[in-house]
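Q: Structure file target_14.pdb (PDB, C-alpha atoms, pLDDT in the B column) right here:
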```
ATOM      1  CA  ILE A   1      68.643  31.579 -61.657  1.00 94.00           C
ATOM      2  CA  SER A   2      67.075  28.745 -59.687  1.00 94.00           C
ATOM      3  CA  GLU A   3      67.281  29.773 -56.024  1.00 93.00           C
ATOM      4  CA  ILE A   4      67.752  26.551 -54.047  1.00 94.00           C
ATOM      5  CA  ALA A   5      67.942  28.423 -50.710  1.00 89.00           C
ATOM      6  CA  CYS A   6      67.024  25.998 -47.902  1.00 89.00           C
ATOM      7  CA  ALA A   7      64.566  23.892 -49.917  1.00 91.00           C
ATOM      8  CA  HIS A   8      66.906  20.907 -49.370  1.00 94.00           C
ATOM      9  CA  ASN A   9      65.991  20.858 -45.633  1.00 91.00           C
ATOM     10  CA  GLY A  10      69.608  20.017 -44.785  1.00 92.00           C
ATOM     11  CA  ASN A  11      69.541  16.832 -46.878  1.00 91.00           C
ATOM     12  CA  TYR A  12      72.338  16.163 -49.396  1.00 90.00           C
ATOM     13  CA  LYS A  13      70.156  13.852 -51.519  1.00 93.00           C
ATOM     14  CA  ASN A  14      67.423  16.488 -51.758  1.00 94.00           C
ATOM     15  CA  LEU A  15      70.007  18.923 -53.076  1.00 95.00           C
ATOM     16  CA  LYS A  16      70.905  16.633 -55.971  1.00 95.00           C
ATOM     17  CA  VAL A  17      67.236  16.275 -56.920  1.00 96.00           C
ATOM     18  CA  LEU A  18      66.724  20.064 -56.829  1.00 97.00           C
ATOM     19  CA  ILE A  19      69.765  20.628 -59.056  1.00 97.00           C
ATOM     20  CA  LYS A  20      68.529  18.054 -61.571  1.00 97.00           C
ATOM     21  CA  ASN A  21      65.024  19.542 -61.608  1.00 97.00           C
ATOM     22  CA  SER A  22      66.427  23.062 -61.971  1.00 97.00           C
ATOM     23  CA  PHE A  23      68.330  22.030 -65.078  1.00 97.00           C
ATOM     24  CA  PHE A  24      65.389  20.260 -66.730  1.00 96.00           C
ATOM     25  CA  SER A  25      63.127  23.219 -65.882  1.00 95.00           C
ATOM     26  CA  GLY A  26      65.351  25.410 -68.056  1.00 96.00           C
ATOM     27  CA  ALA A  27      67.376  27.300 -65.462  1.00 96.00           C
ATOM     28  CA  ASN A  28      70.652  28.899 -66.579  1.00 96.00           C
ATOM     29  CA  ALA A  29      72.105  28.746 -63.071  1.00 97.00           C
ATOM     30  CA  VAL A  30      71.540  27.358 -59.590  1.00 97.00           C
ATOM     31  CA  GLN A  31      72.163  29.386 -56.466  1.00 97.00           C
ATOM     32  CA  PHE A  32      73.107  27.809 -53.156  1.00 97.00           C
ATOM     33  CA  GLN A  33      73.074  29.402 -49.719  1.00 95.00           C
ATOM     34  CA  ILE A  34      76.165  28.249 -47.846  1.00 95.00           C
ATOM     35  CA  TRP A  35      76.935  28.937 -44.216  1.00 90.00           C
ATOM     36  CA  LYS A  36      78.048  27.522 -40.894  1.00 91.00           C
ATOM     37  CA  ALA A  37      75.428  27.928 -38.191  1.00 92.00           C
ATOM     38  CA  THR A  38      78.087  28.937 -35.659  1.00 92.00           C
ATOM     39  CA  ASN A  39      78.974  31.924 -37.867  1.00 90.00           C
ATOM     40  CA  MET A  40      75.329  32.963 -38.182  1.00 89.00           C
ATOM     41  CA  ARG A  41      73.963  32.765 -34.647  1.00 89.00           C
ATOM     42  CA  SER A  42      75.017  32.274 -31.056  1.00 92.00           C
ATOM     43  CA  ILE A  43      74.428  28.709 -29.862  1.00 92.00           C
ATOM     44  CA  TYR A  44      72.103  30.275 -27.262  1.00 93.00           C
ATOM     45  CA  ASP A  45      69.944  31.943 -29.932  1.00 92.00           C
ATOM     46  CA  ASN A  46      66.496  30.391 -30.432  1.00 89.00           C
ATOM     47  CA  ASN A  47      67.127  30.130 -34.198  1.00 90.00           C
ATOM     48  CA  TYR A  48      70.462  28.352 -33.897  1.00 94.00           C
ATOM     49  CA  LYS A  49      68.955  24.844 -33.771  1.00 92.00           C
ATOM     50  CA  ILE A  50      66.827  25.570 -36.841  1.00 92.00           C
ATOM     51  CA  LEU A  51      69.864  26.750 -38.819  1.00 91.00           C
ATOM     52  CA  LYS A  52      71.922  23.787 -37.635  1.00 93.00           C
ATOM     53  CA  LYS A  53      69.320  21.349 -38.992  1.00 93.00           C
ATOM     54  CA  LEU A  54      69.436  23.100 -42.377  1.00 93.00           C
ATOM     55  CA  GLU A  55      73.234  23.226 -42.518  1.00 94.00           C
ATOM     56  CA  ILE A  56      75.111  21.274 -45.206  1.00 94.00           C
ATOM     57  CA  SER A  57      78.751  20.563 -44.354  1.00 94.00           C
ATOM     58  CA  PHE A  58      81.554  22.113 -46.403  1.00 96.00           C
ATOM     59  CA  ASN A  59      82.637  18.603 -47.373  1.00 95.00           C
ATOM     60  CA  ASP A  60      79.176  17.840 -48.792  1.00 95.00           C
ATOM     61  CA  TRP A  61      79.088  21.190 -50.587  1.00 96.00           C
ATOM     62  CA  LYS A  62      82.278  20.174 -52.380  1.00 96.00           C
ATOM     63  CA  LYS A  63      80.523  16.997 -53.525  1.00 96.00           C
ATOM     64  CA  VAL A  64      77.439  18.968 -54.605  1.00 96.00           C
ATOM     65  CA  ILE A  65      79.456  21.372 -56.723  1.00 96.00           C
ATOM     66  CA  ARG A  66      81.450  18.516 -58.285  1.00 96.00           C
ATOM     67  CA  PHE A  67      78.154  16.701 -59.015  1.00 97.00           C
ATOM     68  CA  THR A  68      76.703  19.801 -60.690  1.00 97.00           C
ATOM     69  CA  LYS A  69      79.762  20.445 -62.845  1.00 97.00           C
ATOM     70  CA  LYS A  70      80.032  16.810 -63.930  1.00 97.00           C
ATOM     71  CA  ASN A  71      76.370  16.166 -64.721  1.00 97.00           C
ATOM     72  CA  PHE A  72      75.187  19.629 -65.813  1.00 97.00           C
ATOM     73  CA  PRO A  73      78.272  21.450 -67.145  1.00 96.00           C
ATOM     74  CA  LYS A  74      76.175  24.204 -68.777  1.00 95.00           C
ATOM     75  CA  LEU A  75      74.489  25.068 -65.453  1.00 97.00           C
ATOM     76  CA  LYS A  76      76.245  28.002 -63.803  1.00 98.00           C
ATOM     77  CA  ILE A  77      76.827  27.906 -60.058  1.00 98.00           C
ATOM     78  CA  TYR A  78      76.250  30.883 -57.783  1.00 98.00           C
ATOM     79  CA  CYS A  79      76.622  30.881 -54.000  1.00 97.00           C
ATOM     80  CA  CYS A  80      75.020  33.236 -51.513  1.00 97.00           C
ATOM     81  CA  ILE A  81      77.511  33.653 -48.675  1.00 96.00           C
ATOM     82  CA  TYR A  82      77.482  35.466 -45.351  1.00 93.00           C
ATOM     83  CA  ASP A  83      80.937  35.321 -43.802  1.00 93.00           C
ATOM     84  CA  ILE A  84      84.659  35.318 -44.543  1.00 95.00           C
ATOM     85  CA  GLU A  85      85.206  31.639 -43.701  1.00 95.00           C
ATOM     86  CA  THR A  86      82.598  30.584 -46.261  1.00 96.00           C
ATOM     87  CA  PHE A  87      84.050  32.944 -48.869  1.00 96.00           C
ATOM     88  CA  GLU A  88      87.518  31.461 -48.430  1.00 96.00           C
ATOM     89  CA  PHE A  89      85.970  28.007 -48.872  1.00 96.00           C
ATOM     90  CA  ILE A  90      83.987  28.725 -52.061  1.00 96.00           C
ATOM     91  CA  ASN A  91      86.752  30.850 -53.594  1.00 96.00           C
ATOM     92  CA  LYS A  92      88.735  27.633 -54.141  1.00 95.00           C
ATOM     93  CA  LEU A  93      85.911  25.845 -55.977  1.00 95.00           C
ATOM     94  CA  ASN A  94      85.876  27.779 -59.270  1.00 95.00           C
ATOM     95  CA  ILE A  95      82.196  28.746 -59.199  1.00 97.00           C
ATOM     96  CA  ASP A  96      80.633  31.317 -61.539  1.00 97.00           C
ATOM     97  CA  GLY A  97      79.482  33.967 -59.079  1.00 97.00           C
ATOM     98  CA  ILE A  98      78.457  34.953 -55.571  1.00 97.00           C
ATOM     99  CA  LYS A  99      75.516  36.806 -54.078  1.00 97.00           C
ATOM    100  CA  ILE A 100      75.786  39.300 -51.234  1.00 96.00           C
ATOM    101  CA  ASN A 101      72.752  39.727 -49.014  1.00 94.00           C
ATOM    102  CA  SER A 102      71.231  43.071 -48.031  1.00 94.00           C
ATOM    103  CA  ALA A 103      72.140  42.308 -44.418  1.00 92.00           C
ATOM    104  CA  ASP A 104      75.837  42.594 -45.314  1.00 94.00           C
ATOM    105  CA  ALA A 105      75.610  46.067 -46.878  1.00 92.00           C
ATOM    106  CA  CYS A 106      77.438  47.481 -43.837  1.00 94.00           C
ATOM    107  CA  ASN A 107      79.756  44.512 -43.246  1.00 95.00           C
ATOM    108  CA  LEU A 108      82.824  46.369 -44.489  1.00 96.00           C
ATOM    109  CA  GLU A 109      85.379  43.764 -43.395  1.00 96.00           C
ATOM    110  CA  PHE A 110      83.483  41.118 -45.390  1.00 96.00           C
ATOM    111  CA  LEU A 111      83.082  43.356 -48.469  1.00 96.00           C
ATOM    112  CA  LYS A 112      86.781  44.229 -48.516  1.00 96.00           C
ATOM    113  CA  LYS A 113      87.642  40.527 -48.312  1.00 96.00           C
ATOM    114  CA  ILE A 114      85.448  39.472 -51.254  1.00 96.00           C
ATOM    115  CA  LYS A 115      86.955  42.213 -53.401  1.00 95.00           C
ATOM    116  CA  ILE A 116      89.510  39.626 -54.537  1.00 95.00           C
ATOM    117  CA  PHE A 117      86.770  37.445 -56.090  1.00 95.00           C
ATOM    118  CA  LYS A 118      87.355  37.578 -59.849  1.00 92.00           C
ATOM    119  CA  LYS A 119      83.948  36.567 -61.201  1.00 95.00           C
ATOM    120  CA  ASN A 120      80.369  37.894 -61.026  1.00 96.00           C
ATOM    121  CA  ILE A 121      79.002  39.422 -57.840  1.00 97.00           C
ATOM    122  CA  ASN A 122      75.254  39.965 -57.391  1.00 97.00           C
ATOM    123  CA  ILE A 123      74.368  42.490 -54.685  1.00 97.00           C
ATOM    124  CA  CYS A 124      70.921  42.608 -53.059  1.00 97.00           C
ATOM    125  CA  THR A 125      69.621  46.167 -52.667  1.00 97.00           C
ATOM    126  CA  GLY A 126      66.335  45.594 -50.821  1.00 94.00           C
ATOM    127  CA  GLY A 127      66.360  47.731 -47.673  1.00 94.00           C
ATOM    128  CA  VAL A 128      69.789  49.174 -48.543  1.00 96.00           C
ATOM    129  CA  LYS A 129      70.233  52.952 -48.550  1.00 96.00           C
ATOM    130  CA  GLU A 130      71.657  54.702 -51.588  1.00 96.00           C
ATOM    131  CA  PHE A 131      74.869  55.834 -49.887  1.00 97.00           C
ATOM    132  CA  GLU A 132      75.426  52.210 -48.806  1.00 97.00           C
ATOM    133  CA  ILE A 133      75.035  50.965 -52.400  1.00 97.00           C
ATOM    134  CA  LYS A 134      77.513  53.622 -53.531  1.00 97.00           C
ATOM    135  CA  ARG A 135      79.998  52.471 -50.887  1.00 97.00           C
ATOM    136  CA  ILE A 136      79.621  48.798 -51.864  1.00 97.00           C
ATOM    137  CA  VAL A 137      80.244  49.570 -55.544  1.00 97.00           C
ATOM    138  CA  LYS A 138      83.295  51.644 -54.612  1.00 96.00           C
ATOM    139  CA  ILE A 139      84.755  48.942 -52.350  1.00 96.00           C
ATOM    140  CA  LEU A 140      84.278  46.109 -54.844  1.00 96.00           C
ATOM    141  CA  GLY A 141      85.412  48.035 -57.934  1.00 91.00           C
ATOM    142  CA  LYS A 142      85.494  46.484 -61.442  1.00 88.00           C
ATOM    143  CA  LYS A 143      81.933  47.508 -62.247  1.00 90.00           C
ATOM    144  CA  GLU A 144      81.617  45.150 -65.211  1.00 93.00           C
ATOM    145  CA  ARG A 145      81.342  42.139 -62.847  1.00 95.00           C
ATOM    146  CA  LEU A 146      78.753  43.727 -60.511  1.00 97.00           C
ATOM    147  CA  THR A 147      74.958  43.379 -60.705  1.00 97.00           C
ATOM    148  CA  LEU A 148      72.650  45.263 -58.344  1.00 98.00           C
ATOM    149  CA  MET A 149      69.598  43.112 -57.644  1.00 97.00           C
ATOM    150  CA  HIS A 150      66.322  44.974 -57.124  1.00 97.00           C
ATOM    151  CA  GLY A 151      63.847  43.248 -54.834  1.00 95.00           C
ATOM    152  CA  ILE A 152      61.552  44.424 -52.035  1.00 93.00           C
ATOM    153  CA  GLN A 153      62.177  42.721 -48.691  1.00 89.00           C
ATOM    154  CA  LEU A 154      58.577  41.670 -48.084  1.00 90.00           C
ATOM    155  CA  PHE A 155      57.517  38.046 -48.411  1.00 90.00           C
ATOM    156  CA  PRO A 156      55.353  37.901 -50.412  1.00 95.00           C
ATOM    157  CA  THR A 157      55.609  41.285 -52.160  1.00 95.00           C
ATOM    158  CA  LYS A 158      52.420  42.772 -53.605  1.00 94.00           C
ATOM    159  CA  SER A 159      52.653  43.955 -57.208  1.00 93.00           C
ATOM    160  CA  ASN A 160      51.689  47.565 -56.422  1.00 94.00           C
ATOM    161  CA  ILE A 161      54.921  48.159 -54.463  1.00 95.00           C
ATOM    162  CA  ILE A 162      57.447  46.223 -56.580  1.00 95.00           C
ATOM    163  CA  ASN A 163      58.462  49.334 -58.589  1.00 96.00           C
ATOM    164  CA  LEU A 164      60.261  47.759 -61.537  1.00 97.00           C
ATOM    165  CA  LYS A 165      61.354  51.241 -62.659  1.00 97.00           C
ATOM    166  CA  ARG A 166      64.034  51.079 -59.993  1.00 97.00           C
ATOM    167  CA  ILE A 167      65.944  48.563 -62.126  1.00 98.00           C
ATOM    168  CA  GLN A 168      66.615  51.230 -64.749  1.00 97.00           C
ATOM    169  CA  TYR A 169      67.365  53.781 -62.025  1.00 97.00           C
ATOM    170  CA  LEU A 170      70.034  51.532 -60.473  1.00 97.00           C
ATOM    171  CA  LYS A 171      71.686  50.965 -63.856  1.00 96.00           C
ATOM    172  CA  ASN A 172      71.828  54.652 -64.685  1.00 96.00           C
ATOM    173  CA  LYS A 173      72.819  55.842 -61.221  1.00 96.00           C
ATOM    174  CA  PHE A 174      75.653  53.413 -60.521  1.00 96.00           C
ATOM    175  CA  LYS A 175      76.708  52.474 -64.092  1.00 96.00           C
ATOM    176  CA  VAL A 176      76.502  48.727 -63.432  1.00 96.00           C
ATOM    177  CA  ASN A 177      74.240  45.858 -64.468  1.00 97.00           C
ATOM    178  CA  ALA A 178      70.940  45.480 -62.635  1.00 97.00           C
ATOM    179  CA  GLY A 179      68.742  42.456 -62.077  1.00 97.00           C
ATOM    180  CA  TYR A 180      65.501  41.492 -60.387  1.00 97.00           C
ATOM    181  CA  GLN A 181      64.854  39.038 -57.566  1.00 95.00           C
ATOM    182  CA  ASP A 182      61.211  38.175 -57.248  1.00 94.00           C
ATOM    183  CA  HIS A 183      59.467  37.762 -53.905  1.00 94.00           C
ATOM    184  CA  SER A 184      55.902  37.559 -55.235  1.00 95.00           C
ATOM    185  CA  ASP A 185      53.408  35.008 -53.941  1.00 95.00           C
ATOM    186  CA  PRO A 186      54.542  31.879 -55.844  1.00 91.00           C
ATOM    187  CA  GLU A 187      50.926  30.817 -56.427  1.00 94.00           C
ATOM    188  CA  SER A 188      49.953  34.137 -58.018  1.00 95.00           C
ATOM    189  CA  CYS A 189      50.256  35.303 -61.619  1.00 95.00           C
ATOM    190  CA  ASP A 190      52.697  37.965 -60.372  1.00 95.00           C
ATOM    191  CA  ALA A 191      55.324  35.270 -59.855  1.00 94.00           C
ATOM    192  CA  TYR A 192      55.395  34.814 -63.636  1.00 93.00           C
ATOM    193  CA  LEU A 193      54.454  38.318 -64.741  1.00 96.00           C
ATOM    194  CA  MET A 194      56.920  40.395 -62.711  1.00 97.00           C
ATOM    195  CA  PRO A 195      60.104  38.527 -63.717  1.00 95.00           C
ATOM    196  CA  ALA A 196      58.990  38.714 -67.361  1.00 96.00           C
ATOM    197  CA  LEU A 197      58.236  42.439 -67.120  1.00 97.00           C
ATOM    198  CA  SER A 198      61.557  43.097 -65.410  1.00 97.00           C
ATOM    199  CA  LEU A 199      63.289  42.375 -68.727  1.00 96.00           C
ATOM    200  CA  PHE A 200      61.484  45.322 -70.315  1.00 96.00           C
ATOM    201  CA  TYR A 201      62.710  47.524 -67.484  1.00 96.00           C
ATOM    202  CA  GLY A 202      66.335  46.626 -68.213  1.00 95.00           C
ATOM    203  CA  ALA A 203      67.073  43.616 -66.013  1.00 96.00           C
ATOM    204  CA  ASN A 204      70.258  41.890 -67.165  1.00 89.00           C
TER     205      ASN A 204
END
```
Mind turning the file's structure into structure tokens?

A:
Amino acid sequence: ISEIACAHNGNYKNLKVLIKNSFFSGANAVQFQIWKATNMRSIYDNNYKILKKLEISFNDWKKVIRFTKKNFPKLKIYCCIYDIETFEFINKLNIDGIKINSADACNLEFLKKIKIFKKNINICTGGVKEFEIKRIVKILGKKERLTLMHGIQLFPTKSNIINLKRIQYLKNKFKVNAGYQDHSDPESCDAYLMPALSLFYGAN
């Protein structure tokens, strides 16, 4: 999964270049982070202006997803979302999956709303307590579409605390798929080694 995140710097043209490069780099999927700044922060918050500059409009996101499907039909599309308004928007676009952030582990209203999503749901588990993971899995149901994503919430994460064994633990404990999201220093060997090793620890 090629995580686009905010690498587009709020620029629609940059997004198209990143999608193209993701495909030719061999990615199976691209993942977009979609939000409205007004749903993320108060306009009086110091970070609001930063988020607003990075924001891509819903109308442009429609164009981006159409562009991806037309030009790279084999590239799956995942969206990381943070609020109900964004979910209702992307749920009409026939994408392949969504990602739920660790920060929303206790956002029960949001979790109950996305229960109606019929495709894959990746759930971040970094910083999430075990009883919270159990509750998420129970709320969302249909375990075959769920993947618990193991990843330590430190940027960058040092290899001695990554604990890839947790991937197998999550699979066995909650009877769902498990994956790995890497937060290693991108200029280190760990950025290549840890994702590769995660496969041997059961990452789907």

Q: Which residues of region 57-139 of chain A come within 12 Å of region 153-163 of chain A, and what is each one's closest atom pair and distance in Å (one decimal), counting only C-alpha atoms, sorted by chain and residue number, as CSV?

A:
```
residue,atom,partner,partner_atom,distance
A:Asn101,CA,A:Gln153,CA,11.0
A:Ser102,CA,A:Gln153,CA,9.1
A:Ala103,CA,A:Gln153,CA,10.8
A:Cys124,CA,A:Gln153,CA,9.8
A:Thr125,CA,A:Gln153,CA,9.1
A:Gly126,CA,A:Gln153,CA,5.5
A:Gly127,CA,A:Gln153,CA,6.6
A:Val128,CA,A:Gln153,CA,10.0
```

Q: Evaluated on this file, the PyMOL selection byres ((chain A and resi 170-182) around 6) picks out some residues - which ones are they, written as a PDB file with C-alpha atoms, keeping the file's coordinate frame?

A:
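Ended up saving to result_13.pdb:
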```
ATOM      1  CA  LYS A 143      81.933  47.508 -62.247  1.00 90.00           C
ATOM      2  CA  THR A 147      74.958  43.379 -60.705  1.00 97.00           C
ATOM      3  CA  LEU A 148      72.650  45.263 -58.344  1.00 98.00           C
ATOM      4  CA  MET A 149      69.598  43.112 -57.644  1.00 97.00           C
ATOM      5  CA  HIS A 150      66.322  44.974 -57.124  1.00 97.00           C
ATOM      6  CA  GLY A 151      63.847  43.248 -54.834  1.00 95.00           C
ATOM      7  CA  ILE A 167      65.944  48.563 -62.126  1.00 98.00           C
ATOM      8  CA  GLN A 168      66.615  51.230 -64.749  1.00 97.00           C
ATOM      9  CA  TYR A 169      67.365  53.781 -62.025  1.00 97.00           C
ATOM     10  CA  HIS A 183      59.467  37.762 -53.905  1.00 94.00           C
ATOM     11  CA  SER A 184      55.902  37.559 -55.235  1.00 95.00           C
ATOM     12  CA  ALA A 203      67.073  43.616 -66.013  1.00 96.00           C
ATOM     13  CA  ASN A 204      70.258  41.890 -67.165  1.00 89.00           C
TER      14      ASN A 204
END
```

Q: What does the distance from CA of Asp45 (chain A) to CA of Ala7 (chain A) come to in Å, to one decimal?

A: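 Pair CA of Asp45 (chain A) / CA of Ala7 (chain A) returns 22.2 Å.
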
Q: Check the smallest atom-to-atom distance from each of A:Ile139, A:Cys80, A:Cys6, A:Ile65 to Ile34 (chain A) using only C-alpha atoms, then report the winner.

A: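 Closest candidate: A:Cys80.
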
Q: Excluding Ile98 (chain A) and residues on its chain fewer than 6 positions from it, collect all residues at most 12 Å away from it, counting all atoms listed in the file, and give them as a VMD selection string.

A: chain A and resid 29 to 34 76 to 82 86 to 87 90 to 91 111 114 to 115 117 to 124 145 to 147

Q: In Å, rounded to a single decimal, give me how far CA of Ile56 (chain A) is from CA of Trp35 (chain A).

A: 7.9 Å

Q: Kindly indicate which residue among A:Leu199, A:Ala37, A:Leu15, A:Leu54 lies nearest to Glu85 (chain A), using all atoms listed in the file for the distances.

A: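 Looking only at the distances to Glu85 (chain A), the closest residue turns out to be A:Ala37.
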
Q: So how far away is CA of Glu55 (chain A) from CA of Asn107 (chain A), in Å?

A: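 Distance between the two atoms: 22.3 Å.
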
Q: Which polymer residues have any atom within 12 Å of an atom of Phe67 (chain A), counting all atoms listed in the file, with same-chain residues fewer than 4 positions away left out, as a PyMOL selection string?

A: chain A and resi 12-13+15-17+19-20+60-63+71-73+75+77

Q: Counting all atoms listed in the file, figure out which residue out of A:Leu164, A:Ile136, A:Gly202, A:Gly10 gets nearest to Ile100 (chain A).

A: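 Closest to Ile100 (chain A), using all atoms listed in the file: A:Ile136.
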
Q: Nearest to Leu140 (chain A) among A:Tyr201, A:Tyr48, A:Phe110, A:Tyr192, with distances taken over all atoms listed in the file: which residue is it?

A: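 Ranked by minimum distance to Leu140 (chain A), first place goes to A:Phe110.
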
Q: Could you pull the residues within 9 Å of Glu132 (chain A), counting only C-alpha atoms, minus those fewer than 5 positions along the same chain, as a PDB file with C-alpha atoms, keeping the file's coordinate frame?

A:
```pdb
ATOM      1  CA  ALA A 105      75.610  46.067 -46.878  1.00 92.00           C
ATOM      2  CA  CYS A 106      77.438  47.481 -43.837  1.00 94.00           C
ATOM      3  CA  VAL A 137      80.244  49.570 -55.544  1.00 97.00           C
TER       4      VAL A 137
END
```

Q: Would you mind telling me which residue in A:Val64, A:Ile133, A:Leu197, A:Ala191 lies nearest to His8 (chain A) when using only C-alpha atoms?

A: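 Closest candidate: A:Val64.
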
Q: Would you mind telling me which residue in A:Lys129, A:Tyr44, A:Asp185, A:Lys112 lies nearest to Gly141 (chain A) when using all atoms listed in the file?

A: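 The shortest atom-to-atom distance to Gly141 (chain A) comes from A:Lys112.
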